[in-house]
Every structure is written in C-alpha cells, then in structure tokens.
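> Following this line is final.json, made up of JSON, C-alpha atoms:
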[["chain", "number", "residue", "atom", "x", "y", "z"],
["A", 120, "MET", "CA", -19.29, 152.47, 171.95],
["A", 121, "ASP", "CA", -15.81, 153.86, 171.55],
["A", 122, "ILE", "CA", -12.97, 154.67, 173.93],
["A", 123, "VAL", "CA", -11.66, 158.21, 173.38],
["A", 124, "ARG", "CA", -9.62, 160.76, 175.30],
["A", 125, "VAL", "CA", -10.88, 164.23, 176.21],
["A", 126, "ILE", "CA", -8.33, 166.70, 174.85],
["A", 127, "ASP", "CA", -10.13, 170.02, 175.35],
["A", 128, "GLU", "CA", -13.41, 171.69, 176.11],
["A", 129, "LEU", "CA", -15.27, 173.52, 173.39],
["A", 130, "VAL", "CA", -17.09, 176.76, 174.10],
["A", 131, "CYS", "CA", -19.71, 177.65, 171.54],
["A", 132, "THR", "CA", -22.02, 180.56, 172.38],
["A", 133, "ARG", "CA", -24.08, 180.52, 169.18],
["A", 134, "ARG", "CA", -25.86, 177.21, 168.81],
["A", 135, "VAL", "CA", -28.90, 175.72, 167.16],
["A", 136, "PRO", "CA", -31.78, 175.50, 169.64],
["A", 137, "GLY", "CA", -31.73, 171.68, 169.61],
["A", 138, "LEU", "CA", -28.26, 171.61, 171.17],
["A", 139, "GLY", "CA", -29.40, 173.56, 174.21],
["A", 140, "SER", "CA", -26.68, 174.26, 176.77],
["A", 141, "ALA", "CA", -25.00, 170.85, 176.53],
["A", 142, "SER", "CA", -21.33, 170.78, 177.57],
["A", 143, "LEU", "CA", -19.05, 170.05, 174.63],
["A", 144, "ARG", "CA", -15.68, 168.29, 174.67],
["A", 145, "VAL", "CA", -13.08, 167.76, 171.95],
["A", 146, "VAL", "CA", -12.08, 164.08, 171.96],
["A", 147, "ARG", "CA", -9.43, 162.05, 170.14],
["A", 148, "SER", "CA", -9.62, 158.35, 169.38],
["A", 149, "ALA", "CA", -6.63, 156.02, 169.72],
["A", 150, "GLN", "CA", -6.36, 156.26, 165.92],
["A", 151, "GLY", "CA", -6.01, 160.05, 166.14],
["A", 152, "VAL", "CA", -9.47, 160.99, 164.89],
["A", 153, "VAL", "CA", -10.63, 164.26, 166.50],
["A", 154, "SER", "CA", -14.36, 164.77, 167.16],
["A", 155, "VAL", "CA", -16.71, 166.87, 169.27],
["A", 156, "ALA", "CA", -18.91, 165.09, 171.82],
["A", 157, "THR", "CA", -21.62, 166.23, 174.16],
["A", 158, "ASP", "CA", -20.64, 165.49, 177.74],
["A", 159, "ALA", "CA", -23.33, 163.98, 179.97],
["A", 160, "VAL", "CA", -20.94, 163.17, 182.86],
["A", 161, "GLY", "CA", -18.61, 166.18, 183.27],
["A", 162, "ALA", "CA", -15.41, 164.53, 182.03],
["A", 163, "PRO", "CA", -12.23, 166.53, 182.73],
["A", 164, "ILE", "CA", -9.58, 167.18, 180.11],
["A", 165, "GLY", "CA", -6.99, 164.39, 179.88],
["A", 166, "CYS", "CA", -9.28, 161.54, 180.92],
["A", 167, "TRP", "CA", -10.12, 158.46, 178.90],
["A", 168, "VAL", "CA", -13.88, 158.04, 178.48],
["A", 169, "PHE", "CA", -16.33, 155.85, 176.64],
["A", 170, "ALA", "CA", -18.74, 157.43, 174.22],
["A", 171, "THR", "CA", -21.73, 156.24, 172.27],
["A", 172, "THR", "CA", -22.86, 157.26, 168.79],
["A", 173, "GLY", "CA", -26.03, 157.53, 166.77],
["A", 174, "SER", "CA", -29.48, 157.55, 168.35],
["A", 175, "ALA", "CA", -28.02, 156.10, 171.57],
["A", 176, "ALA", "CA", -26.02, 159.34, 171.92],
["A", 177, "ARG", "CA", -29.24, 161.36, 172.11],
["A", 178, "LEU", "CA", -30.77, 158.96, 174.61],
["A", 179, "ALA", "CA", -27.65, 159.20, 176.82],
["A", 180, "MET", "CA", -28.23, 162.93, 177.33],
["A", 181, "PRO", "CA", -30.42, 164.27, 180.15],
["A", 182, "ASN", "CA", -32.64, 165.74, 177.43],
["A", 183, "PRO", "CA", -33.12, 163.01, 174.78],
["A", 184, "THR", "CA", -34.16, 165.60, 172.19],
["A", 185, "CYS", "CA", -30.63, 167.09, 172.19],
["A", 186, "ILE", "CA", -29.12, 167.14, 168.70],
["A", 187, "THR", "CA", -26.00, 164.99, 169.04],
["A", 188, "ASP", "CA", -24.49, 161.88, 167.51],
["A", 189, "LEU", "CA", -21.58, 161.45, 169.97],
["A", 190, "THR", "CA", -22.04, 161.54, 173.76],
["A", 191, "ILE", "CA", -19.59, 160.82, 176.57],
["A", 192, "CYS", "CA", -21.27, 158.25, 178.82],
["A", 193, "GLY", "CA", -18.60, 157.47, 181.43],
["A", 194, "ILE", "CA", -15.07, 158.10, 182.69],
["A", 195, "LEU", "CA", -12.74, 155.09, 182.59],
["A", 196, "ASP", "CA", -11.07, 154.31, 185.91],
["A", 197, "GLY", "CA", -8.36, 151.89, 184.83],
["A", 198, "TRP", "CA", -7.56, 152.31, 181.16],
["A", 199, "ASP", "CA", -3.94, 151.55, 180.29],
["A", 200, "GLU", "CA", -3.00, 152.85, 176.88],
["A", 201, "GLU", "CA", 0.62, 153.28, 175.78],
["A", 202, "ASP", "CA", 0.14, 157.00, 175.26],
["A", 203, "ALA", "CA", -2.08, 157.47, 178.32],
["A", 204, "ALA", "CA", 0.54, 159.50, 180.23],
["A", 205, "SER", "CA", -1.06, 162.74, 181.32],
["A", 206, "SER", "CA", -0.73, 165.43, 183.94],
["A", 207, "GLN", "CA", -3.83, 164.06, 185.64],
["A", 208, "THR", "CA", -3.86, 160.81, 187.57],
["A", 209, "LYS", "CA", -6.58, 158.21, 187.19],
["A", 210, "GLU", "CA", -7.86, 159.23, 190.61],
["A", 211, "GLN", "CA", -8.17, 162.86, 189.50],
["A", 212, "CYS", "CA", -10.16, 161.80, 186.43],
["A", 213, "ALA", "CA", -12.52, 159.64, 188.47],
["A", 214, "ALA", "CA", -13.01, 162.39, 191.05],
["A", 215, "GLY", "CA", -13.39, 165.16, 188.46],
["A", 216, "THR", "CA", -10.51, 167.11, 189.96],
["A", 217, "GLY", "CA", -7.24, 168.38, 188.59],
["A", 218, "PRO", "CA", -6.20, 171.20, 186.25],
["A", 219, "ALA", "CA", -9.43, 171.14, 184.24],
["A", 220, "ALA", "CA", -11.91, 170.63, 187.08],
["A", 221, "GLY", "CA", -14.69, 173.14, 187.28],
["A", 222, "LYS", "CA", -14.50, 174.10, 183.60],
["A", 223, "GLY", "CA", -17.35, 173.62, 181.17]]
Would it be possible to restate this file's structure as structure tokens?


Amino acid sequence: MDIVRVIDELVCTRRVPGLGSASLRVVRSAQGVVSVATDAVGAPIGCWVFATTGSAARLAMPNPTCITDLTICGILDGWDEEDAASSQTKEQCAAGTGPAAGKG
C-alpha cells in the first residue's frame, strides 16, 4: 500500500465497460508521481489517503470485477507530512466535508 494525496477528481464520461461508474481521483505520491485511482471511500480533494495496487485494488472495490490497479482504501486521519498544508483540515477530510465535498 502507498500513501498518496488526492489532488483532483477526474471526470471521464466515455469508459470501457469494465470500469463501470467508479469514482476517479487524481493522486500524487510524496515523490511527485501523479496517478489515477478508483475511489472506494469518497475521498475529498486535499486529503492524504492510502491506496492499494494490483489485484488487491480490484478486490477493494465494491465490484471486484472493476478494471483498476490503484484503489483508494482509506482516508488518513493524522498524517503529518512537511508539505501537508492544505485548505482543508484533517477533520474536514475525515468527515468528507470542505470545498470538495459532494463532488464525484
């Protein structure tokens, strides 16, 4: 599993059938690598999350036949990273509230 930060949502109206209607998030690792992850927990933009890869990513989705190799599995409540300053507080991330709540 990896710790990454949600930096944006991704809206994609044309998809392969195996992706279904899974919510998509753009995430960035602490090393700066940007990826797209399916979001099984409704993580708001700005929050630090943990994500799993490979076959575990499919199994983490409500529908285990979803075509994914990176899935957000949880929102971190107390992650302190030097560049973790954001417009959302840790409480907003945990509660799913704040500027990005309700999107996706």

> In terms of the shortest atom-to-atom distance over all atoms listed in the file, which of A:Ala149, A:Ala159, A:Ala176, A:Leu138 is closest to Arg124 in chain A?

A:Ala149

> Counting all atoms listed in the file, which of A:Val155, A:Val130, A:Ala141, A:Val146 gets nearest to Val168 in chain A?

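Closest residue, counting all atoms listed in the file: A:Val146.
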
> With only C-alpha atoms as the basis for distance, which of A:Leu143, A:Ile194, A:Ile164, A:Val152 is at the shortest distance from Met180 in chain A?

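Going through A:Leu143, A:Ile194, A:Ile164, A:Val152 one by one, the smallest distance to Met180 in chain A is for A:Leu143.
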
> Taking all atoms listed in the file into account, which of A:Cys131, A:Cys192, A:Cys212, A:Ile186 comes nearest Thr171 in chain A?

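Of A:Cys131, A:Cys192, A:Cys212, A:Ile186, the one nearest Thr171 in chain A is A:Cys192, counting all atoms listed in the file.
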
> Under the rule that all atoms listed in the file are counted, which of A:Leu178, A:Cys166, A:Val160, A:Glu128 is the nearest residue to Ile191 in chain A?

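Closest candidate: A:Val160.
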
> Find the distance between CA of Gln150 in chain A and CA of Cys185 in chain A and write it in Å to one decimal.

27.3 Å

> For Gly151 in chain A, which of A:Ile122, A:Pro163, A:Gly173, A:Leu129 is the closest residue, counting only C-alpha atoms?

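Counting only C-alpha atoms, the residue closest to Gly151 in chain A is A:Ile122.
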
> I'd like the contact shell of Val153 in chain A - 10 Å cut-off, only C-alpha atoms, skipping same-chain residues fewer than 5 positions apart - returned as a short mmCIF file (atom, residue, chain, number, x, y, z; two decimals) with C-alpha atoms, in the frame of the given file.


data_model
loop_
_atom_site.label_atom_id
_atom_site.label_comp_id
_atom_site.auth_asym_id
_atom_site.auth_seq_id
_atom_site.Cartn_x
_atom_site.Cartn_y
_atom_site.Cartn_z
CA VAL A 123 -11.66 158.21 173.38
CA ARG A 124 -9.62 160.76 175.30
CA VAL A 125 -10.88 164.23 176.21
CA ILE A 126 -8.33 166.70 174.85
CA VAL A 145 -13.08 167.76 171.95
CA VAL A 146 -12.08 164.08 171.96
CA ARG A 147 -9.43 162.05 170.14
CA SER A 148 -9.62 158.35 169.38
#

> What gap, in Å, lies between CA of Trp167 in chain A and CA of Trp198 in chain A?

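CA of Trp198 in chain A lies 7.0 Å from CA of Trp167 in chain A.
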
> What is the distance, in Å and to one decimal place, between CA of Ser154 in chain A and CA of Asp127 in chain A?

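If I compute the distance from CA of Ser154 in chain A to CA of Asp127 in chain A, I get 10.6 Å.
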
> Ala175 in chain A: which residues within 10 Å, counting only C-alpha atoms, same-chain residues fewer than 5 positions away excluded, as a short mmCIF file (atom, residue, chain, number, x, y, z; two decimals) with C-alpha atoms, in the coordinates of the input?


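What follows is the written file part17.cif:
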data_model
loop_
_atom_site.label_atom_id
_atom_site.label_comp_id
_atom_site.auth_asym_id
_atom_site.auth_seq_id
_atom_site.Cartn_x
_atom_site.Cartn_y
_atom_site.Cartn_z
CA MET A 120 -19.29 152.47 171.95
CA ALA A 170 -18.74 157.43 174.22
CA MET A 180 -28.23 162.93 177.33
CA PRO A 183 -33.12 163.01 174.78
CA THR A 187 -26.00 164.99 169.04
CA ASP A 188 -24.49 161.88 167.51
CA LEU A 189 -21.58 161.45 169.97
CA THR A 190 -22.04 161.54 173.76
#

> Mind completing range 159-172 of chain A with N, CA, C and O atoms? Output as an mmCIF file, in the coordinates of the input, please?


data_model
loop_
_atom_site.group_PDB
_atom_site.id
_atom_site.type_symbol
_atom_site.label_atom_id
_atom_site.label_comp_id
_atom_site.auth_asym_id
_atom_site.auth_seq_id
_atom_site.Cartn_x
_atom_site.Cartn_y
_atom_site.Cartn_z
ATOM 1 N N ALA A 159 -22.251 164.198 179.005
ATOM 2 C CA ALA A 159 -23.330 163.980 179.970
ATOM 3 C C ALA A 159 -22.812 163.714 181.379
ATOM 4 O O ALA A 159 -23.598 163.649 182.317
ATOM 5 N N VAL A 160 -21.477 163.564 181.552
ATOM 6 C CA VAL A 160 -20.940 163.170 182.860
ATOM 7 C C VAL A 160 -19.935 164.160 183.450
ATOM 8 O O VAL A 160 -19.460 163.953 184.564
ATOM 9 N N GLY A 161 -19.563 165.210 182.745
ATOM 10 C CA GLY A 161 -18.610 166.180 183.270
ATOM 11 C C GLY A 161 -17.178 165.691 183.240
ATOM 12 O O GLY A 161 -16.435 165.853 184.202
ATOM 13 N N ALA A 162 -16.758 165.096 182.141
ATOM 14 C CA ALA A 162 -15.410 164.530 182.030
ATOM 15 C C ALA A 162 -14.353 165.619 181.935
ATOM 16 O O ALA A 162 -14.438 166.517 181.105
ATOM 17 N N PRO A 163 -13.323 165.548 182.790
ATOM 18 C CA PRO A 163 -12.230 166.530 182.730
ATOM 19 C C PRO A 163 -11.282 166.266 181.560
ATOM 20 O O PRO A 163 -11.186 165.142 181.067
ATOM 21 N N ILE A 164 -10.570 167.294 181.167
ATOM 22 C CA ILE A 164 -9.580 167.180 180.110
ATOM 23 C C ILE A 164 -8.488 166.209 180.545
ATOM 24 O O ILE A 164 -8.052 166.216 181.690
ATOM 25 N N GLY A 165 -8.059 165.349 179.617
ATOM 26 C CA GLY A 165 -6.990 164.390 179.880
ATOM 27 C C GLY A 165 -7.478 162.995 180.219
ATOM 28 O O GLY A 165 -6.693 162.053 180.197
ATOM 29 N N CYS A 166 -8.753 162.849 180.515
ATOM 30 C CA CYS A 166 -9.280 161.540 180.920
ATOM 31 C C CYS A 166 -9.724 160.717 179.724
ATOM 32 O O CYS A 166 -10.173 161.245 178.714
ATOM 33 N N TRP A 167 -9.587 159.400 179.877
ATOM 34 C CA TRP A 167 -10.120 158.460 178.900
ATOM 35 C C TRP A 167 -11.582 158.208 179.267
ATOM 36 O O TRP A 167 -11.918 158.055 180.446
ATOM 37 N N VAL A 168 -12.449 158.203 178.261
ATOM 38 C CA VAL A 168 -13.880 158.040 178.480
ATOM 39 C C VAL A 168 -14.436 157.059 177.459
ATOM 40 O O VAL A 168 -13.772 156.726 176.474
ATOM 41 N N PHE A 169 -15.659 156.592 177.704
ATOM 42 C CA PHE A 169 -16.330 155.850 176.640
ATOM 43 C C PHE A 169 -17.494 156.677 176.155
ATOM 44 O O PHE A 169 -18.130 157.410 176.919
ATOM 45 N N ALA A 170 -17.712 156.613 174.855
ATOM 46 C CA ALA A 170 -18.740 157.430 174.220
ATOM 47 C C ALA A 170 -19.580 156.553 173.307
ATOM 48 O O ALA A 170 -19.114 155.546 172.780
ATOM 49 N N THR A 171 -20.816 156.959 173.142
ATOM 50 C CA THR A 171 -21.730 156.240 172.270
ATOM 51 C C THR A 171 -22.118 157.138 171.099
ATOM 52 O O THR A 171 -22.046 158.370 171.208
ATOM 53 N N THR A 172 -22.531 156.521 170.008
ATOM 54 C CA THR A 172 -22.860 157.260 168.790
ATOM 55 C C THR A 172 -24.293 156.996 168.366
ATOM 56 O O THR A 172 -24.976 156.143 168.915
#
